[in-house]
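Chemist: Just one file: target.cif, with mmCIF, C-alpha atoms.
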data_my_file
loop_
_atom_site.label_atom_id
_atom_site.label_comp_id
_atom_site.auth_asym_id
_atom_site.auth_seq_id
_atom_site.Cartn_x
_atom_site.Cartn_y
_atom_site.Cartn_z
CA MET A 756 45.11 66.74 211.26
CA LYS A 757 48.72 67.84 211.18
CA LEU A 758 49.25 65.98 207.90
CA ALA A 759 46.25 67.71 206.29
CA SER A 760 47.47 71.10 207.49
CA HIS A 761 50.93 70.37 206.13
CA ARG A 762 49.49 69.45 202.73
CA ASN A 763 47.41 72.61 202.66
CA PHE A 764 50.49 74.64 203.51
CA ILE A 765 52.48 73.03 200.68
CA ARG A 766 49.59 73.53 198.23
CA THR A 767 49.25 77.18 199.21
CA THR A 768 53.01 77.72 198.96
CA PHE A 769 53.17 76.24 195.46
CA THR A 770 50.17 78.31 194.38
CA LEU A 771 51.86 81.49 195.60
CA LEU A 772 55.10 80.55 193.86
CA ILE A 773 53.26 79.98 190.59
CA LEU A 774 51.46 83.31 190.91
CA LEU A 775 54.65 85.16 191.75
CA THR A 776 56.51 83.53 188.86
CA SER A 777 53.69 84.32 186.45
CA THR A 778 53.63 87.93 187.62
CA SER A 779 57.38 88.31 187.14
CA LEU A 780 57.14 86.85 183.64
CA LEU A 781 54.34 89.23 182.75
CA GLU A 782 56.32 92.18 184.07
CA ALA A 783 59.30 91.08 181.97
CA TYR A 784 57.28 91.31 178.75
CA PRO A 785 57.92 92.98 176.45
CA PRO A 786 61.71 92.67 176.81
CA ASP A 787 63.86 95.77 177.16
CA ASN A 788 65.45 95.14 173.76
CA ALA A 789 63.07 95.49 170.80
CA ALA A 790 65.41 93.46 168.59
CA VAL A 791 64.38 90.30 170.46
CA LEU A 792 60.80 90.73 169.27
CA TYR A 793 61.82 91.83 165.78
CA TYR A 794 63.92 88.70 165.32
CA LYS A 795 60.99 86.57 166.51
CA ALA A 796 58.76 88.30 163.99
CA PHE A 797 61.26 87.82 161.17
CA LEU A 798 61.50 84.10 161.93
CA MET A 799 57.74 83.84 161.54
CA LEU A 800 57.53 86.12 158.52
CA LYS A 801 56.30 84.57 155.30
CA GLU A 802 57.69 86.65 152.46
CA PRO A 803 55.07 87.68 149.88
CA SER A 804 55.47 86.58 146.29
CA GLN A 805 56.69 89.05 143.70
CA GLU A 806 53.12 89.32 142.41
CA VAL A 807 51.81 90.28 145.85
CA LYS A 808 54.66 92.76 146.34
CA GLU A 809 53.65 94.47 143.11
CA MET A 810 50.03 94.54 144.25
CA MET A 811 51.08 96.21 147.50
CA ALA A 812 53.04 98.79 145.53
CA ASP A 813 50.01 99.47 143.33
CA MET A 814 47.92 99.90 146.47
CA ARG A 815 50.37 102.50 147.79
CA HIS A 816 50.16 104.38 144.50
CA GLY A 817 46.37 104.31 144.53
CA LYS A 818 46.10 102.14 141.43
CA ILE A 819 44.15 99.27 142.99
CA LYS A 820 42.19 98.32 146.09
CA ALA A 821 43.26 95.48 148.35
CA THR A 822 43.15 92.14 146.57
CA ASP A 823 42.37 88.73 148.02
CA GLN A 824 46.03 87.77 147.61
CA VAL A 825 47.18 90.77 149.66
CA ARG A 826 44.61 90.07 152.36
CA GLN A 827 45.71 86.45 152.53
CA CYS A 828 49.36 87.49 152.83
CA LEU A 829 48.54 89.82 155.71
CA GLU A 830 46.50 87.14 157.44
CA GLU A 831 49.36 84.65 157.12
CA ASN A 832 51.69 87.20 158.70
CA ARG A 833 49.26 88.45 161.33
CA TYR A 834 51.24 87.19 164.31
CA ALA A 835 54.56 88.37 162.90
CA LEU A 836 53.11 91.86 162.42
CA GLU A 837 51.77 91.83 165.98
CA PHE A 838 55.29 91.12 167.25
CA VAL A 839 56.59 94.00 165.13
CA GLU A 840 54.02 96.41 166.53
CA THR A 841 54.93 95.40 170.08
CA ALA A 842 58.63 95.75 169.30
CA ALA A 843 58.13 99.21 167.84
CA ASP A 844 56.81 100.44 171.19
CA VAL A 845 59.92 99.29 173.06
CA ARG A 846 62.33 102.15 173.65
CA GLU A 847 65.71 100.47 173.17
CA CYS A 848 66.83 98.33 170.24
CA ASP A 849 70.22 96.63 169.98
CA TRP A 850 70.53 94.41 166.91
CA GLY A 851 73.78 92.87 168.16
CA HIS A 852 75.88 93.96 165.19
CA ASP A 853 79.50 92.82 165.22
CA ILE A 854 81.10 96.15 164.34
CA SER A 855 84.54 94.51 164.60
CA ARG A 856 83.82 93.06 161.15
CA GLY A 857 84.21 96.56 159.78
CA LEU A 858 82.57 97.17 156.42
CA GLY A 859 81.66 93.49 156.34
CA VAL A 860 79.27 93.80 159.28
CA LEU A 861 76.12 91.79 158.62
CA MET A 862 72.77 93.58 158.88
CA PRO A 863 70.20 91.00 157.71
CA GLU A 864 67.39 92.76 159.53
CA LEU A 865 67.29 95.66 157.06
CA ALA A 866 65.63 93.67 154.27
CA LYS A 867 63.12 92.17 156.71
CA VAL A 868 62.30 95.58 158.15
CA ARG A 869 61.55 96.95 154.68
CA SER A 870 59.39 93.95 153.79
CA THR A 871 57.47 94.28 157.05
CA ALA A 872 56.98 98.00 156.52
CA PHE A 873 55.42 97.37 153.10
CA MET A 874 53.00 94.90 154.70
CA LEU A 875 52.09 97.48 157.32
CA THR A 876 51.30 100.05 154.62
CA ALA A 877 49.05 97.51 152.90
CA ASN A 878 47.32 96.81 156.20
CA ALA A 879 46.97 100.56 156.78
CA GLN A 880 45.41 101.01 153.35
CA ILE A 881 42.82 98.32 154.07
CA LEU A 882 41.97 99.94 157.41
CA ALA A 883 41.59 103.32 155.70
CA GLU A 884 39.31 101.82 153.07
CA GLU A 885 37.19 100.44 155.91
CA GLY A 886 37.01 103.90 157.49
CA ASP A 887 39.27 103.16 160.46
CA TYR A 888 41.69 105.99 159.79
CA ARG A 889 43.09 106.17 163.30
CA ALA A 890 44.20 102.53 163.13
CA ALA A 891 45.61 103.18 159.65
CA LEU A 892 47.62 106.12 160.97
CA ALA A 893 48.80 103.97 163.89
CA ARG A 894 50.33 101.51 161.39
CA CYS A 895 52.22 104.41 159.82
CA LEU A 896 53.47 105.48 163.24
CA THR A 897 54.72 101.93 163.78
CA ILE A 898 56.84 102.34 160.65
CA HIS A 899 58.23 105.60 162.04
CA LYS A 900 59.17 103.79 165.26
CA MET A 901 60.81 101.03 163.24
CA ALA A 902 62.85 103.68 161.46
CA ARG A 903 64.04 104.93 164.84
CA HIS A 904 65.13 101.39 165.72
CA VAL A 905 66.97 100.89 162.42
CA SER A 906 68.87 103.96 163.55
CA ASP A 907 71.82 105.76 162.02
CA SER A 908 74.63 103.53 163.28
CA LEU A 909 75.94 103.20 159.71
CA LEU A 910 75.25 104.94 156.42
CA ILE A 911 73.23 102.03 155.05
CA SER A 912 71.03 101.89 158.16
CA TYR A 913 70.56 105.67 157.98
CA LEU A 914 69.40 105.38 154.37
CA VAL A 915 66.94 102.60 155.21
CA SER A 916 65.69 104.56 158.22
CA THR A 917 65.13 107.64 156.07
CA ALA A 918 63.30 105.56 153.45
CA LEU A 919 61.00 104.14 156.13
CA ASN A 920 60.17 107.61 157.43
CA SER A 921 59.43 108.75 153.90
CA LEU A 922 57.20 105.73 153.30
CA ALA A 923 55.23 106.41 156.48
CA ASN A 924 54.89 110.12 155.75
CA GLU A 925 53.56 109.47 152.25
CA ARG A 926 50.85 107.21 153.60
CA ILE A 927 49.95 109.64 156.38
CA LYS A 928 49.63 112.44 153.83
CA ASP A 929 47.34 110.32 151.65
CA PHE A 930 45.14 109.33 154.58
CA LEU A 931 44.86 112.91 155.84
CA SER A 932 43.72 114.04 152.41
CA SER A 933 40.86 111.53 152.34
CA MET A 934 39.75 111.16 155.97
CA PRO A 935 37.05 113.28 157.59
CA HIS A 936 38.20 116.17 159.74
CA GLU A 937 38.39 114.86 163.31
CA THR A 938 40.04 117.22 165.76
CA GLU A 939 40.67 114.50 168.33
CA THR A 940 42.44 112.23 165.82
CA LEU A 941 44.50 115.08 164.39
CA THR A 942 45.58 116.21 167.86
CA TRP A 943 46.54 112.65 168.75
CA LEU A 944 48.50 112.27 165.51
CA ARG A 945 50.40 115.51 166.08
CA GLY A 946 51.48 114.36 169.52
CA GLN A 947 52.57 110.99 168.19
CA LEU A 948 54.59 112.53 165.36
CA VAL A 949 56.36 114.85 167.79
CA ALA A 950 57.24 111.86 169.97
CA VAL A 951 58.70 109.76 167.15
CA SER A 952 60.66 112.70 165.73
CA VAL A 953 62.73 113.09 168.90
CA ASP A 954 65.19 110.40 167.82
CA ALA A 955 65.18 111.18 164.11
CA PRO A 956 68.12 109.61 162.22
CA SER A 957 71.14 111.86 161.77
CA ILE A 958 73.33 111.79 158.67
CA ARG A 959 76.10 113.32 160.76
CA ARG A 960 76.09 110.47 163.27
CA ALA A 961 75.97 107.94 160.45
CA MET A 962 78.94 109.49 158.67
CA VAL A 963 80.98 109.74 161.88
CA ARG A 964 80.54 106.00 162.51
CA GLU A 965 81.16 105.22 158.84
CA LYS A 966 84.39 107.20 159.01
CA GLU A 967 85.55 105.37 162.13
CA ILE A 968 84.98 101.98 160.54
CA SER A 969 86.53 102.94 157.21
CA MET A 970 89.62 104.35 158.93
CA HIS A 971 90.05 101.00 160.63
CA GLU A 972 89.67 99.21 157.28
CA ILE A 973 92.41 101.13 155.45
CA ARG A 974 95.15 98.79 156.62
CA ALA A 975 97.24 96.12 154.95
CA GLU A 976 95.79 93.34 157.08
CA ARG A 977 92.26 94.22 155.95
CA ILE A 978 92.89 94.08 152.19
CA ASP A 979 91.78 90.47 151.72
CA SER A 980 88.54 91.09 153.60
CA ILE A 981 87.77 94.18 151.53
CA LEU A 982 88.46 92.39 148.24
CA GLU A 983 86.25 89.53 149.33
CA MET A 984 83.40 91.98 149.88
CA MET A 985 83.99 93.52 146.45
CA GLY A 986 83.27 90.18 144.77
CA ASP A 987 85.02 88.00 142.21
CA ASP A 988 84.42 90.38 139.31
CA PHE A 989 86.07 93.38 140.96
CA ALA A 990 89.66 92.83 139.78
CA LYS A 991 89.00 91.24 136.40
CA ASP A 992 90.02 94.17 134.22
CA GLU A 993 93.73 94.85 133.80
CA PHE A 994 93.76 98.30 135.40
CA THR A 995 92.02 97.17 138.60
CA ALA A 996 94.08 93.98 138.83
CA ASP A 997 97.27 96.04 138.60
CA ALA A 998 96.02 98.42 141.29
CA VAL A 999 95.23 95.50 143.59
CA LYS A 1000 98.77 94.15 143.15
CA LYS A 1001 100.25 97.52 144.09
CA VAL A 1002 98.05 97.80 147.18
CA ARG A 1003 99.06 94.32 148.30
CA LYS A 1004 102.74 95.31 148.10
CA ALA A 1005 102.26 98.71 149.74
CA ASP A 1006 104.14 99.63 152.91
CA PRO A 1007 102.56 101.01 156.14
CA GLU A 1008 103.29 104.58 155.03
CA PHE A 1009 101.03 104.11 151.99
CA PHE A 1010 98.10 103.20 154.21
CA ARG A 1011 98.84 105.97 156.71
CA VAL A 1012 98.79 108.60 153.96
CA ASN A 1013 95.56 107.20 152.54
CA ARG A 1014 93.91 107.23 155.97
CA GLU A 1015 94.85 110.88 156.38
CA TYR A 1016 93.51 111.70 152.93
CA TYR A 1017 90.23 109.90 153.64
CA ALA A 1018 89.88 111.66 156.99
CA ASP A 1019 90.39 115.06 155.35
CA VAL A 1020 87.77 114.30 152.71
CA MET A 1021 85.24 113.10 155.29
CA ASP A 1022 85.81 116.13 157.50
#
Mind converting the file's structure to structure tokens?

Modeler:
Amino acid sequence: MKLASHRNFIRTTFTLLILLTSTSLLEAYPPDNAAVLYYKAFLMLKEPSQEVKEMMADMRHGKIKATDQVRQCLEENRYALEFVETAADVRECDWGHDISRGLGVLMPELAKVRSTAFMLTANAQILAEEGDYRAALARCLTIHKMARHVSDSLLISYLVSTALNSLANERIKDFLSSMPHETETLTWLRGQLVAVSVDAPSIRRAMVREKEISMHEIRAERIDSILEMMGDDFAKDEFTADAVKKVRKADPEFFRVNREYYADVMD
């Protein structure tokens, strides 16, 4: 009797532990950092062919309806896009950029974000053609949220963020011009647009960070890294090659004066 009771106790304890663990895992999803989900999505992403990319562009410009190739591409990337939509709803996003690399900081996510955004616009167009305008508008709002996550940490990220917002706004404008007048949907959309505009990218913040990084780069010890980023063809002509030689031989005062000049121009 005691043995049976002991076994029941152990079984009950393990069941409770499993339930508690499962609950904690559910509460931990989605993660606090949207980048975790974006990176998962990008690993799963199957890039469309150039032909399909052109079809998606033609869809955005109203030249064609959704083709079988576009639909197949979206189906193949269905799970990746679901991860992206979940990520877009997470408040914080830290891509883990190594800013210490200066102007050579790697930002591989930017290309993937753009590619994903184009897929979302294609998906939105299909939904609109099927009459589900609210879902189509929701895809556009996802792009706006992605733009917020791309942020304005650097000038390049600001430009991509602005391009994403422009892409989303163009699609929203097109859908509003063709959808039936539905007060409830329009009210919902207005509230959503107000929410995503709170953290709109700022050119000022982008330029401040760009200035900080560039000021750090204008130093003798960073010359080789900068030239490496410029590529092999940069110093091939005689004038540029001569300038590079002079910079390599420059003293600390040369770099100090140039930092001051750059700071004045940026201010």

Chemist: Tell me, in Å to one decimal, how far atom CA of Phe838 of chain A is from atom CA of Tyr793 of chain A.

Modeler: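 Atom-to-atom, atom CA of Phe838 of chain A to atom CA of Tyr793 of chain A, that is 6.7 Å.
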
Chemist: One decimal, Å: what's the distance from atom CA of Val825 of chain A over to atom CA of Leu882 of chain A, could you say?

Modeler: 13.1 Å

Chemist: Can you find the residues with an atom no farther than 9 Å from (36.0, 109.2, 152.4), counting all atoms listed in the file, and report them as an MDAnalysis selection string?

Modeler: chainID A and resid 883:884 886 933:935

Chemist: Would you write out those residues with C-alpha atoms, as an mmCIF file, in the coordinates of the input?

Modeler:
data_model
loop_
_atom_site.group_PDB
_atom_site.id
_atom_site.type_symbol
_atom_site.label_atom_id
_atom_site.label_comp_id
_atom_site.auth_asym_id
_atom_site.auth_seq_id
_atom_site.Cartn_x
_atom_site.Cartn_y
_atom_site.Cartn_z
ATOM 1 C CA ALA A 883 41.590 103.320 155.700
ATOM 2 C CA GLU A 884 39.310 101.820 153.070
ATOM 3 C CA GLY A 886 37.010 103.900 157.490
ATOM 4 C CA SER A 933 40.860 111.530 152.340
ATOM 5 C CA MET A 934 39.750 111.160 155.970
ATOM 6 C CA PRO A 935 37.050 113.280 157.590
#

Chemist: Take the point (63.2, 95.1, 178.6) as written in the file and pick out every residue within 12 Å of it, counting only C-alpha atoms; give the list as JSON, numbers by chain.

Modeler: {"A": [780, 781, 782, 783, 784, 785, 786, 787, 788, 789, 790, 791, 792, 841, 842, 844, 845, 846, 847, 848, 849]}

Chemist: Around all the atoms of segment 916-919 of chain A listed in the file, draw an axis-aligned box and extend it by 3 Å on each of the six sides; I want its centre and edge lengths in Å to one decimal, as AutoDock Vina command-line options.

Modeler:
--center_x 63.3 --center_y 105.9 --center_z 155.8 --size_x 10.7 --size_y 9.5 --size_z 10.8

Chemist: Dump as JSON lines the rows for residues of segment 881-911 of chain A within 12 Å of segment 968-985 of chain A: closest atom pair and distance in Å with one decimal, all atoms listed in the file counted, ordered by chain and rising residue number.

Modeler:
{"residue": "A:Ser908", "atom": "CA", "partner": "A:Ile968", "partner_atom": "CA", "distance": 10.8}
{"residue": "A:Leu909", "atom": "CA", "partner": "A:Ile968", "partner_atom": "CA", "distance": 9.2}
{"residue": "A:Leu910", "atom": "CA", "partner": "A:Ile968", "partner_atom": "CA", "distance": 11.0}

Chemist: Can you list, as an MDAnalysis selection string, every protein, DNA or RNA residue that comes within 10 Å of segment 926-931 of chain A when you count all atoms listed in the file, leaving out same-chain residues fewer than 5 positions away?

Modeler: chainID A and resid 815:817 876:877 879:880 883:884 888:889 891:896 921 936 941 944

Chemist: Which is closest to Ala890 of chain A among A:Thr940, A:Leu922, A:Glu993, A:Lys801, if we use only C-alpha atoms?

Modeler: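 Checking each of A:Thr940, A:Leu922, A:Glu993, A:Lys801 against Ala890 of chain A, counting only C-alpha atoms, the winner is A:Thr940.
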
Chemist: Work out how far atom CA of Ser932 of chain A is from atom CA of Leu836 of chain A, in Å to one decimal.

Modeler: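 Atom CA of Ser932 of chain A lies at a distance of 26.1 Å from atom CA of Leu836 of chain A.
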